[in-house]
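With mmCIF, C-alpha atoms (C1' of nucleotides) inside, this is structure19.cif:
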```cif
data_target
#
loop_
_atom_site.label_atom_id
_atom_site.label_comp_id
_atom_site.auth_asym_id
_atom_site.auth_seq_id
_atom_site.Cartn_x
_atom_site.Cartn_y
_atom_site.Cartn_z
CA MET A 1 -13.59 5.26 -49.97
CA THR A 2 -15.68 7.77 -48.05
CA PHE A 3 -17.71 7.30 -44.88
CA VAL A 4 -20.50 9.65 -43.97
CA LYS A 5 -22.01 9.59 -40.56
CA GLY A 6 -24.33 11.69 -38.48
CA PHE A 7 -23.17 13.42 -35.35
CA THR A 8 -24.47 15.03 -32.19
CA THR A 9 -24.13 18.53 -30.83
CA GLY A 10 -21.65 17.12 -28.32
CA ALA A 11 -19.38 16.13 -31.13
CA LEU A 12 -19.54 19.63 -32.50
CA THR A 13 -18.57 21.28 -29.24
CA SER A 14 -15.78 18.82 -28.57
CA PHE A 15 -14.46 19.36 -32.05
CA ALA A 16 -14.66 23.11 -31.59
CA CYS A 17 -12.74 22.83 -28.32
CA PHE A 18 -10.13 20.74 -30.00
CA TYR A 19 -9.90 23.26 -32.81
CA VAL A 20 -9.56 26.25 -30.52
CA TYR A 21 -7.14 24.79 -28.00
CA ASN A 22 -4.83 22.78 -30.15
CA SER A 23 -2.40 25.51 -31.10
CA ARG A 24 -0.09 22.99 -32.67
CA ILE A 25 -2.28 22.85 -35.73
CA SER A 26 -0.31 24.41 -38.57
CA THR A 27 -1.71 26.81 -41.07
CA ALA A 28 -2.09 24.06 -43.61
CA ARG A 29 -3.84 21.99 -41.02
CA LYS A 30 -6.04 24.89 -40.12
CA LYS A 31 -7.48 24.81 -43.60
CA TYR A 32 -8.44 21.18 -43.18
CA ALA A 33 -9.95 21.98 -39.84
CA GLU A 34 -11.92 24.81 -41.33
CA ASP A 35 -13.14 22.48 -44.03
CA ALA A 36 -14.06 19.98 -41.36
CA GLU A 37 -15.90 22.65 -39.46
CA SER A 38 -17.91 23.66 -42.48
CA ILE A 39 -18.84 20.01 -43.01
CA ILE A 40 -19.77 19.76 -39.33
CA LYS A 41 -22.04 22.78 -39.76
CA GLN A 42 -23.89 20.74 -42.36
CA ASN A 43 -24.44 18.13 -39.63
CA ARG A 44 -21.98 15.70 -41.20
CA VAL A 45 -18.50 14.44 -40.45
CA VAL A 46 -16.61 13.05 -43.37
CA ILE A 47 -13.78 10.64 -42.77
CA SER A 48 -11.86 9.89 -45.88
CA SER A 49 -8.88 7.54 -46.08
CA ASP A 50 -7.37 9.63 -48.87
CA ASP A 51 -7.69 12.72 -46.71
CA PRO A 52 -4.97 12.07 -44.09
CA MET A 53 -5.22 15.39 -42.30
CA LEU A 54 -8.90 15.07 -41.69
CA GLU A 55 -8.42 11.51 -40.55
CA ASP A 56 -5.82 12.79 -38.09
CA VAL A 57 -8.22 15.34 -36.72
CA ASN A 58 -10.86 12.71 -36.19
CA LYS A 59 -8.38 10.36 -34.53
CA LEU A 60 -7.45 13.03 -32.03
CA GLU A 61 -11.08 13.82 -31.38
CA ASN A 62 -11.75 10.16 -30.76
CA GLN A 63 -8.75 9.92 -28.42
CA ARG A 64 -10.15 12.83 -26.45
CA LYS A 65 -13.42 11.04 -26.02
CA ILE A 66 -11.82 7.75 -24.99
CA LEU A 67 -9.64 9.47 -22.44
CA LYS A 68 -12.31 11.85 -21.19
CA TYR A 69 -11.31 11.15 -17.57
CA GLY A 70 -7.59 11.25 -18.12
CA ILE A 71 -4.75 8.92 -19.00
CA PRO A 72 -4.03 6.11 -16.49
CA ASP A 73 -1.00 7.34 -14.60
CA LYS A 74 1.78 5.04 -13.48
CA GLY A 75 3.63 7.87 -11.75
CA PRO A 76 6.59 10.04 -12.74
CA GLU A 77 8.89 8.79 -15.46
CA TYR A 78 11.75 9.52 -13.09
CA ASN A 79 12.49 11.28 -9.79
CA VAL A 80 15.62 13.38 -9.31
CA TYR A 81 17.58 13.44 -6.05
CA GLU A 82 20.77 15.10 -4.86
CA ASN A 83 23.03 12.49 -6.42
CA HIS A 84 20.83 9.90 -8.10
CA VAL A 85 17.82 9.50 -10.37
CA LEU A 86 15.28 6.69 -10.26
CA ASN A 87 12.02 5.34 -11.57
CA TYR A 88 9.64 3.89 -9.02
CA ASP A 89 7.44 0.86 -9.66
CA GLN A 90 4.20 1.80 -7.90
CA ALA A 91 2.80 -1.74 -8.10
CA ARG A 92 5.83 -3.50 -6.65
CA LYS A 93 6.72 -0.69 -4.20
CA ILE A 94 10.38 -0.76 -5.24
CA PRO A 95 12.41 1.13 -7.85
CA SER A 96 12.60 -0.27 -11.38
CA TRP A 97 15.92 1.45 -12.01
CA VAL A 98 18.29 3.72 -10.10
CA ALA A 99 20.95 5.67 -12.01
CA GLU A 100 24.07 7.28 -10.60
CA HIS A 101 27.39 8.83 -11.57
CA ILE A 102 30.42 7.90 -9.49
CA THR A 103 33.65 9.88 -9.41
CA GLN A 104 36.60 9.88 -7.03
CA ASP A 105 35.51 13.22 -5.60
CA LYS A 106 32.11 11.90 -4.63
CA LEU A 107 33.68 9.02 -2.70
CA LYS A 108 35.63 11.34 -0.44
CA GLY A 109 34.06 13.18 2.49
CA GLU A 110 32.68 13.01 5.96
CA ALA A 111 29.09 11.98 5.27
CA ASN A 112 28.26 9.04 7.53
CA ARG A 113 25.44 6.54 7.45
CA LYS A 114 24.95 6.85 11.22
CA HIS A 115 23.34 10.22 10.48
CA SER A 116 20.97 8.71 7.89
CA HIS A 117 17.79 6.72 8.39
CA PHE A 118 15.66 4.57 6.16
CA LYS A 119 12.29 6.21 5.62
CA PRO A 120 9.40 6.39 3.15
CA ASP A 121 10.12 8.71 0.26
CA PRO A 122 8.01 11.89 0.76
CA ASN A 123 8.28 12.59 -2.98
CA LEU A 124 6.17 9.57 -3.87
CA ASN A 125 2.42 9.23 -3.98
CA SER A 126 1.90 7.96 -0.41
CA LYS A 127 -0.68 5.51 -1.70
CA PHE A 128 2.13 3.51 -3.29
CA ASN A 129 4.89 4.09 -0.74
CA ALA A 130 6.67 1.33 1.14
CA GLY A 131 7.32 1.59 4.88
CA ASN A 132 10.02 0.38 7.26
CA ASP A 133 7.42 -1.83 8.93
CA ASP A 134 7.07 -3.78 5.68
CA TYR A 135 10.71 -4.84 5.96
CA LEU A 136 10.83 -5.30 9.74
CA LYS A 137 11.05 -8.98 10.69
CA SER A 138 10.30 -9.91 7.08
CA GLY A 139 13.44 -11.99 6.76
CA TRP A 140 14.79 -9.56 4.15
CA SER A 141 17.17 -6.64 4.54
CA ARG A 142 16.72 -3.17 3.09
CA GLY A 143 19.18 -3.22 0.24
CA HIS A 144 20.31 0.09 -1.23
CA MET A 145 20.30 0.28 -5.02
CA THR A 146 22.60 3.27 -5.12
CA PRO A 147 24.71 2.48 -2.02
CA ALA A 148 25.24 4.95 0.82
CA GLY A 149 28.99 4.70 0.30
CA ASN A 150 28.71 6.34 -3.12
CA HIS A 151 27.61 9.61 -1.51
CA LYS A 152 30.40 10.28 0.99
CA TYR A 153 30.93 13.83 -0.27
CA LYS A 154 27.61 15.14 1.01
CA GLN A 155 25.35 14.13 3.88
CA THR A 156 22.15 15.23 2.14
CA ALA A 157 23.03 13.12 -0.88
CA MET A 158 23.59 10.12 1.40
CA ASN A 159 20.34 10.81 3.23
CA ASP A 160 18.47 10.73 -0.10
CA SER A 161 19.80 7.24 -0.73
CA PHE A 162 18.03 6.07 2.44
CA TYR A 163 14.57 6.75 1.04
CA LEU A 164 12.80 3.45 0.54
CA SER A 165 12.35 4.46 -3.13
CA ASN A 166 16.01 3.42 -3.45
CA VAL A 167 15.57 0.13 -1.60
CA VAL A 168 14.53 -3.43 -2.43
CA PRO A 169 14.15 -6.49 -0.15
CA GLN A 170 17.54 -8.16 -0.38
CA ASN A 171 19.00 -11.32 1.10
CA TYR A 172 21.15 -10.38 4.12
CA GLU A 173 24.18 -12.44 3.22
CA ASN A 174 24.06 -11.30 -0.41
CA ASN A 175 23.83 -7.65 0.62
CA ALA A 176 26.68 -7.79 3.12
CA GLY A 177 28.80 -10.13 1.02
CA PHE A 178 28.90 -10.54 -2.73
CA TRP A 179 26.81 -7.46 -3.53
CA ASN A 180 28.86 -5.36 -1.12
CA ARG A 181 32.05 -6.47 -2.90
CA PHE A 182 30.40 -5.68 -6.23
CA GLU A 183 29.68 -2.14 -5.03
CA LEU A 184 33.24 -1.79 -3.79
CA TYR A 185 34.42 -2.91 -7.21
CA CYS A 186 32.32 -0.19 -8.89
CA ARG A 187 33.87 2.41 -6.59
CA ASP A 188 37.31 1.02 -7.32
CA LEU A 189 36.75 1.54 -11.04
CA THR A 190 37.00 5.30 -10.48
CA LYS A 191 40.76 4.78 -9.98
CA LYS A 192 41.07 3.64 -13.59
CA PHE A 193 38.15 5.49 -15.16
CA LYS A 194 37.32 9.15 -14.73
CA ASP A 195 33.56 8.62 -14.96
CA VAL A 196 31.67 5.58 -13.78
CA ARG A 197 27.94 5.39 -14.34
CA VAL A 198 25.82 2.64 -12.86
CA ILE A 199 22.18 1.67 -13.27
CA THR A 200 20.92 -0.73 -10.61
CA GLY A 201 17.60 -2.42 -10.05
CA PRO A 202 15.52 -5.55 -9.51
CA VAL A 203 14.74 -8.33 -11.99
CA PHE A 204 12.02 -10.93 -11.81
CA LEU A 205 12.94 -14.19 -13.49
CA PRO A 206 11.31 -17.63 -13.60
CA ASP A 207 13.04 -20.55 -11.92
CA LEU A 208 13.58 -22.67 -15.01
CA GLU A 209 14.79 -25.64 -13.00
CA GLU A 210 11.56 -25.76 -11.06
CA SER A 211 9.24 -25.32 -14.02
CA GLU A 212 8.20 -28.08 -16.42
CA ASP A 213 5.99 -27.39 -19.39
CA LYS A 214 4.63 -24.10 -18.09
CA ILE A 215 6.80 -21.25 -16.88
CA PHE A 216 5.90 -19.01 -13.96
CA ILE A 217 7.58 -16.11 -12.24
CA LYS A 218 7.18 -16.59 -8.51
CA TYR A 219 8.15 -13.95 -5.99
CA GLN A 220 7.41 -13.17 -2.38
CA LEU A 221 5.54 -10.09 -1.15
CA ILE A 222 6.39 -8.68 2.28
CA GLY A 223 4.59 -6.48 4.77
CA LYS A 224 1.11 -5.08 4.77
CA ARG A 225 1.87 -3.08 1.63
CA GLN A 226 3.08 -6.20 -0.14
CA VAL A 227 6.51 -5.05 -1.25
CA ALA A 228 7.83 -7.32 -4.03
CA VAL A 229 10.99 -9.36 -3.39
CA PRO A 230 12.99 -9.53 -6.62
CA THR A 231 14.44 -12.87 -7.65
CA HIS A 232 17.55 -11.12 -8.98
CA LEU A 233 19.31 -7.76 -8.98
CA TYR A 234 21.02 -6.17 -11.95
CA LYS A 235 23.72 -3.61 -12.55
CA VAL A 236 24.71 -1.91 -15.79
CA VAL A 237 28.19 -0.43 -15.46
CA ILE A 238 29.57 2.16 -17.90
CA ALA A 239 33.16 3.19 -17.21
CA GLU A 240 34.73 5.96 -19.27
CA SER A 241 38.15 7.50 -19.61
CA ASN A 242 39.78 9.70 -22.20
CA ASN A 243 43.50 9.18 -21.79
CA ASN A 244 45.81 10.26 -24.63
CA ASN A 245 42.89 11.55 -26.68
CA ASN A 246 41.69 8.00 -26.70
CA ASN A 247 38.11 7.80 -25.53
CA LEU A 248 37.34 4.45 -23.97
CA ILE A 249 33.84 3.41 -23.00
CA ALA A 250 33.64 0.11 -21.18
CA LEU A 251 30.27 -1.52 -20.69
CA GLY A 252 29.17 -4.44 -18.54
CA ALA A 253 25.76 -5.84 -17.58
CA PHE A 254 25.23 -8.24 -14.67
CA ILE A 255 22.33 -10.19 -13.20
CA VAL A 256 22.92 -11.58 -9.69
CA PRO A 257 20.51 -13.92 -7.85
CA ASN A 258 18.99 -12.44 -4.68
CA LYS A 259 20.49 -15.15 -2.47
CA PRO A 260 23.80 -15.87 -0.73
CA ILE A 261 26.71 -15.97 -3.22
CA GLY A 262 29.91 -17.64 -2.06
CA TYR A 263 33.51 -16.67 -2.64
CA ASP A 264 33.80 -19.42 -5.23
CA LYS A 265 31.73 -17.33 -7.63
CA GLN A 266 33.27 -14.68 -9.87
CA LEU A 267 31.64 -11.48 -11.05
CA THR A 268 32.04 -12.67 -14.64
CA ASP A 269 29.81 -15.65 -13.80
CA PHE A 270 26.92 -13.19 -13.69
CA MET A 271 27.76 -11.14 -16.76
CA VAL A 272 25.06 -11.08 -19.43
CA PRO A 273 24.68 -9.33 -22.78
CA LEU A 274 22.96 -5.98 -22.26
CA GLU A 275 20.21 -7.05 -24.69
CA ILE A 276 19.26 -9.93 -22.40
CA LEU A 277 19.04 -7.64 -19.39
CA GLU A 278 16.91 -5.23 -21.39
CA GLU A 279 14.63 -8.01 -22.49
CA LYS A 280 14.12 -9.20 -18.92
CA THR A 281 13.54 -5.76 -17.42
CA GLY A 282 11.61 -4.30 -20.34
CA LEU A 283 13.92 -1.31 -20.22
CA THR A 284 16.17 0.12 -22.92
CA MET A 285 18.93 1.05 -20.54
CA LEU A 286 21.10 3.42 -22.57
CA PRO A 287 19.09 4.75 -25.52
CA LYS A 288 21.66 7.41 -26.34
CA LEU A 289 24.71 5.17 -26.25
CA ASP A 290 26.22 3.93 -29.49
CA GLN A 291 27.15 0.44 -28.38
CA SER A 292 29.45 -0.12 -31.32
CA MET A 293 31.73 2.41 -29.60
CA THR A 294 31.97 0.39 -26.39
CA LYS A 295 34.23 -2.36 -25.16
CA ASN A 296 33.43 -5.22 -22.85
CA LEU A 297 34.19 -4.10 -19.29
CA CYS A 298 35.67 -7.45 -18.34
CA SER A 299 38.03 -7.45 -21.32
CA VAL A 300 39.53 -4.03 -20.47
CA ASP A 301 39.42 -4.66 -16.71
CA SER A 302 39.86 -7.75 -14.56
CA CYS A 303 36.30 -7.61 -13.15
CA GLN A 304 37.92 -9.16 -10.08
CA LEU A 305 36.11 -8.66 -6.79
CA MET A 306 37.98 -8.25 -3.53
CA SER A 307 39.29 -11.57 -2.21
CA ARG A 308 37.84 -13.11 0.92
CA ASP A 309 40.89 -12.29 3.04
CA LYS A 310 41.12 -8.73 1.87
CA PHE A 311 37.40 -8.20 2.29
CA GLU A 312 37.30 -9.54 5.83
CA LEU A 313 40.34 -7.49 6.79
CA TYR A 314 38.61 -4.50 5.25
CA PHE A 315 35.61 -4.57 7.51
CA ILE A 316 37.63 -5.56 10.53
CA ALA A 317 39.54 -2.34 9.88
CA ARG A 318 36.25 -0.42 9.80
CA ARG A 319 35.19 -1.93 13.08
CA LEU A 320 38.54 -1.26 14.74
CA GLN A 321 37.93 2.42 14.18
CA THR A 322 34.67 2.32 16.09
CA ALA A 323 36.11 0.51 19.13
CA LYS A 324 35.42 2.38 22.34
CA ASN A 325 37.78 0.66 24.72
CA LEU A 326 40.89 -1.52 24.76
CA ASP A 327 38.88 -4.62 25.54
CA GLN A 328 36.75 -4.22 22.50
CA LEU A 329 39.74 -3.27 20.34
CA ASN A 330 41.60 -6.43 21.27
CA LYS A 331 38.54 -8.55 20.78
CA ILE A 332 38.12 -7.30 17.23
CA TYR A 333 41.84 -7.61 16.52
CA ASN A 334 41.86 -11.20 17.78
CA GLU A 335 39.34 -12.07 15.13
CA ILE A 336 42.13 -11.72 12.61
CA ALA A 337 43.99 -14.63 14.14
CA GLU A 338 40.81 -16.63 14.67
CA LYS A 339 39.98 -16.32 11.00
CA LYS A 340 43.59 -17.11 10.10
CA LEU A 341 44.03 -13.86 8.24
CA LYS A 342 47.25 -11.96 7.71
CA PRO A 343 46.95 -8.32 8.76
CA ASP A 344 48.47 -5.90 6.27
CA ASP A 345 50.64 -2.94 7.22
CA TYR A 346 47.72 -0.56 7.09
CA LEU A 347 45.74 -2.63 9.59
CA ILE A 348 48.68 -3.04 11.98
CA LYS A 349 49.30 0.68 11.90
CA LEU A 350 45.61 1.33 12.47
CA PHE A 351 45.56 -1.01 15.47
CA LYS A 352 48.62 0.58 17.07
CA GLU A 353 47.27 4.07 16.61
CA LYS A 354 43.92 3.13 18.05
CA GLU A 355 45.54 1.23 20.92
CA TRP A 356 47.63 4.24 21.87
CA GLN A 357 44.63 6.48 21.61
CA LEU A 358 42.48 4.28 23.86
CA LYS A 359 45.26 3.76 26.42
CA GLU A 360 45.62 7.48 26.66
CA LYS A 361 41.89 7.84 27.07
CA GLU A 362 41.67 5.22 29.83
CA LEU A 363 44.62 6.76 31.63
CA MET A 364 42.87 10.10 31.57
CA GLY A 365 39.74 8.46 32.89
CA LYS A 366 41.54 6.93 35.90
CA LYS A 367 43.28 10.20 36.64
CA HIS A 368 39.95 11.93 36.59
CA GLN A 369 38.49 9.38 39.01
CA LYS A 370 41.34 9.88 41.48
CA GLU A 371 40.85 13.60 41.45
CA LEU A 372 37.24 13.08 42.44
"C1'" DC B 1 31.56 -1.44 3.82
"C1'" DG B 2 26.83 -3.72 4.30
"C1'" DG B 3 23.14 -4.50 7.70
"C1'" DG B 4 19.79 -5.57 12.33
"C1'" DC B 5 18.01 -5.47 17.10
"C1'" DA B 6 16.67 -4.15 21.82
"C1'" DA B 7 16.66 -0.96 25.43
"C1'" DA B 8 16.00 3.76 26.63
"C1'" DC B 9 13.66 7.65 25.74
"C1'" DA B 10 10.18 11.19 24.20
"C1'" DG B 11 5.54 12.28 23.13
"C1'" DC B 12 0.53 11.81 22.88
"C1'" DG C 1 -0.92 3.31 28.75
"C1'" DC C 2 0.81 2.80 24.01
"C1'" DT C 3 3.64 4.08 19.96
"C1'" DG C 4 7.35 6.06 17.38
"C1'" DT C 5 12.21 7.61 17.47
"C1'" DT C 6 16.95 7.60 19.16
"C1'" DT C 7 20.96 5.24 21.09
"C1'" DG C 8 24.16 1.73 21.77
"C1'" DC C 9 25.70 -2.69 20.69
"C1'" DC C 10 25.76 -6.72 17.63
"C1'" DC C 11 27.04 -9.49 13.12
"C1'" DG C 12 29.05 -10.76 8.09
#
```

When written as C-alpha cells, how does the structure in this file appear?
Amino acid sequence: MTFVKGFTTGALTSFACFYVYNSRISTARKKYAEDAESIIKQNRVVISSDDPMLEDVNKLENQRKILKYGIPDKGPEYNVYENHVLNYDQARKIPSWVAEHITQDKLKGEANRKHSHFKPDPNLNSKFNAGNDDYLKSGWSRGHMTPAGNHKYKQTAMNDSFYLSNVVPQNYENNAGFWNRFELYCRDLTKKFKDVRVITGPVFLPDLEESEDKIFIKYQLIGKRQVAVPTHLYKVVIAESNNNNNNLIALGAFIVPNKPIGYDKQLTDFMVPLEILEEKTGLTMLPKLDQSMTKNLCSVDSCQLMSRDKFELYFIARRLQTAKNLDQLNKIYNEIAEKKLKPDDYLIKLFKEKEWQLKEKELMGKKHQKEL
DNA sequence: CGGGCAAACAGC
DNA sequence: GCTGTTTGCCCG
C-alpha cells in the first residue's frame, strides 16, 4: 500500500536539515534518504509500508515537528554527590530514590553533623527546590534518605547528605526510633558483608482500610512549596561478601509506614518482594542484577534490629559524651536507672572516664578563680 | 544515632 | 527595624 501526499517548502527544508545533521544515518540509509530527496524534489513524499527505511525517515521528521519546542524535561535522570547518587522528583519536591554504598571504612572518621546544615540543594533547578521553611513547624521532621552517619569518613560527604534533595518529611518518632534502628542495622551489616548497597526513598500508597469501592492515594503537602509527605518509606538492601571464593549476594526490600513504629514490630514485618516495591514506586531498582543469584537477606541474616534496652543505652552513651559538667553527666546517667536499664561495661567505663575528666576540669576552674 | 527550638548575634 | 544565621540546650 502506498500513500502519496503533497508537501510544503517547510517540509523540504526540515527534511534537508534532518538529512544533513543526522550523521547516524548509515550508508545504506543514505541511499534511501537520497531517494527520498529526489522524490521530494518532485514535490511528493512517498510513505510506503513495505519501505521500512523511508518510513523511519518520515517518523523522525514527524517527531521533529511534534517536538519543535523541545522535549518536556522532568530534570536530570540522576545527580551525583560525594558519596551518594539520587533522582529528584521535581513535582513532589523530594527524592524518588537515593543510592549509596556503605563500607566499614566509610563509617569511621571525624565528620560530625554539628558542622552540617540542612539547606536547599544548589544543584537543582531552584524552581523545584524545597526550603527549610517548608519543614519548619510543619509537624514533620527532615528525614535523611542516606543518613548522615553513613558518611563519617568525610565532612564534605556528610554535608552533601544535608541537602534537602536527600530529605523527605518524616514522622519524628519514626525517624528517631524504628527508622534510626533500621539505619543502624544497615551499618551493622558491614561487619558481615564487605559491600552493602542501599537504595532509599518515599512510597505513596492508598489506605486500603479507609477506602471502600474506590481507591485513593491521599497525602499531605507542607509549606508554601507544597512538599509531599510520603505515606511510606522504602529501602532496598543488597549485602555482598565473597568469602572462600563463595560469592554471596543477599537482597532485601522493605516498606515502612511513615508513622511511629513500636518495639513490638520486627523488621521482617515490613519485608516485601522486590517486585511489589518496584510496582509501587514505578522503578526497576536493580536492572543489572541477576536476581536468581541472590538470597533472601533475612534468611542469611537475622534481620534483627537493636533491642529497646540496647538502643536506649546507645544514645544515652552518645549524650554522655557531650556532657559539659558533672551535674549534667549525672543527670544523664540517672536516666539509666529511671528507665530500669542495665548499663553495660562500655557505658560504665565511659561514665567513669567522663566523670574524671569533668572533675579535673572543674577543679582547674576553681583553681583559676582563686588565682584571680 | 536521629532530630528540634529559642536566644543571641550579624547584616541590611 | 526586620530577617537570616549561628549557638547552646533540649528530647527520643

Given the file above and the PyMOL selection byres ((chain A) within 9 of (chain B)), which residues are selected, and can you give them as a PDB file with C-alpha atoms, in the frame of the given file?
```pdb
ATOM      1  CA  SER A 141      17.170  -6.640   4.540  1.00  0.00           C
ATOM      2  CA  ARG A 142      16.720  -3.170   3.090  1.00  0.00           C
ATOM      3  CA  GLY A 143      19.180  -3.220   0.240  1.00  0.00           C
ATOM      4  CA  GLY A 149      28.990   4.700   0.300  1.00  0.00           C
ATOM      5  CA  TYR A 172      21.150 -10.380   4.120  1.00  0.00           C
ATOM      6  CA  ASN A 175      23.830  -7.650   0.620  1.00  0.00           C
ATOM      7  CA  ALA A 176      26.680  -7.790   3.120  1.00  0.00           C
ATOM      8  CA  GLY A 177      28.800 -10.130   1.020  1.00  0.00           C
ATOM      9  CA  TRP A 179      26.810  -7.460  -3.530  1.00  0.00           C
ATOM     10  CA  ASN A 180      28.860  -5.360  -1.120  1.00  0.00           C
ATOM     11  CA  ARG A 181      32.050  -6.470  -2.900  1.00  0.00           C
ATOM     12  CA  LEU A 184      33.240  -1.790  -3.790  1.00  0.00           C
ATOM     13  CA  TYR A 314      38.610  -4.500   5.250  1.00  0.00           C
ATOM     14  CA  PHE A 315      35.610  -4.570   7.510  1.00  0.00           C
ATOM     15  CA  ARG A 318      36.250  -0.420   9.800  1.00  0.00           C
TER      16      ARG A 318
END
```

Centre, edges in Å (one decimal): axis-aligned box, segment 265-283 of chain A, 4 Å padding on all six sides, as lines of an AutoDock Vina configuration file:
```
center_x = 22.4
center_y = -9.3
center_z = -16.2
size_x = 29.7
size_y = 24.0
size_z = 25.1
```

Under the PyMOL selection byres ((chain A and resi 183) around 12), which residues of this model are included? Write them out as a CSV table (one decimal) with C-alpha atoms (C1' of nucleotides), in the frame of the given file.
```csv
chain,number,residue,atom,x,y,z
A,102,ILE,CA,30.4,7.9,-9.5
A,143,GLY,CA,19.2,-3.2,0.2
A,144,HIS,CA,20.3,0.1,-1.2
A,145,MET,CA,20.3,0.3,-5.0
A,146,THR,CA,22.6,3.3,-5.1
A,147,PRO,CA,24.7,2.5,-2.0
A,148,ALA,CA,25.2,5.0,0.8
A,149,GLY,CA,29.0,4.7,0.3
A,150,ASN,CA,28.7,6.3,-3.1
A,174,ASN,CA,24.1,-11.3,-0.4
A,175,ASN,CA,23.8,-7.6,0.6
A,176,ALA,CA,26.7,-7.8,3.1
A,177,GLY,CA,28.8,-10.1,1.0
A,178,PHE,CA,28.9,-10.5,-2.7
A,179,TRP,CA,26.8,-7.5,-3.5
A,180,ASN,CA,28.9,-5.4,-1.1
A,181,ARG,CA,32.0,-6.5,-2.9
A,182,PHE,CA,30.4,-5.7,-6.2
A,184,LEU,CA,33.2,-1.8,-3.8
A,185,TYR,CA,34.4,-2.9,-7.2
A,186,CYS,CA,32.3,-0.2,-8.9
A,187,ARG,CA,33.9,2.4,-6.6
A,188,ASP,CA,37.3,1.0,-7.3
A,189,LEU,CA,36.8,1.5,-11.0
A,190,THR,CA,37.0,5.3,-10.5
A,196,VAL,CA,31.7,5.6,-13.8
A,198,VAL,CA,25.8,2.6,-12.9
A,199,ILE,CA,22.2,1.7,-13.3
A,200,THR,CA,20.9,-0.7,-10.6
A,234,TYR,CA,21.0,-6.2,-12.0
A,235,LYS,CA,23.7,-3.6,-12.6
A,236,VAL,CA,24.7,-1.9,-15.8
A,237,VAL,CA,28.2,-0.4,-15.5
A,267,LEU,CA,31.6,-11.5,-11.0
A,303,CYS,CA,36.3,-7.6,-13.2
A,304,GLN,CA,37.9,-9.2,-10.1
A,305,LEU,CA,36.1,-8.7,-6.8
A,306,MET,CA,38.0,-8.2,-3.5
B,1,DC,C1',31.6,-1.4,3.8
B,2,DG,C1',26.8,-3.7,4.3
```

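Nearest residue to chain C, choosing from A:Asn334, A:Thr322, A:Ser299, A:Thr268 and counting all atoms listed in the file: A:Thr322.
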
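Atom CA of Lys191 of chain A is found 7.2 Å from atom CA of Gln104 of chain A.
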
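Taking atom CA of Gln220 of chain A and atom CA of Lys280 of chain A as endpoints, the distance between them is 18.3 Å.
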
Hey, what comes out of the PyMOL selection byres ((chain A and resi 271) around 12) on this file? Could you write it as a PyMOL selection string?
chain A and resi 233-237+251-257+265-270+272-277+296-299+303

In terms of all atoms listed in the file, the residue from A:Leu221, A:Ile316, A:Ile249, A:Leu205 at minimal distance from chain C is A:Ile316

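Atom pair atom CA of Val167 of chain A / atom CA of Asp73 of chain A: separated by 22.3 Å.
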
Give me the residues within 8 Å of segment 96-101 of chain A as a list of chain:residue names, counting only C-alpha atoms (C1' of nucleotides) and dropping any in the same chain fewer than 2 places off.
A:Asn83, A:His84, A:Val85, A:Leu86, A:Asn87, A:Tyr88, A:Asp89, A:Ile94, A:Thr103, A:Met145, A:Thr146, A:Asn166, A:Asp195, A:Val196, A:Arg197, A:Val198, A:Ile199, A:Thr200, A:Gly201, A:Pro202

Minimum-distance residue to Lys127 of chain A, chosen among A:Leu107, A:His151, A:Glu360, A:Arg225 (using all atoms listed in the file):
A:Arg225
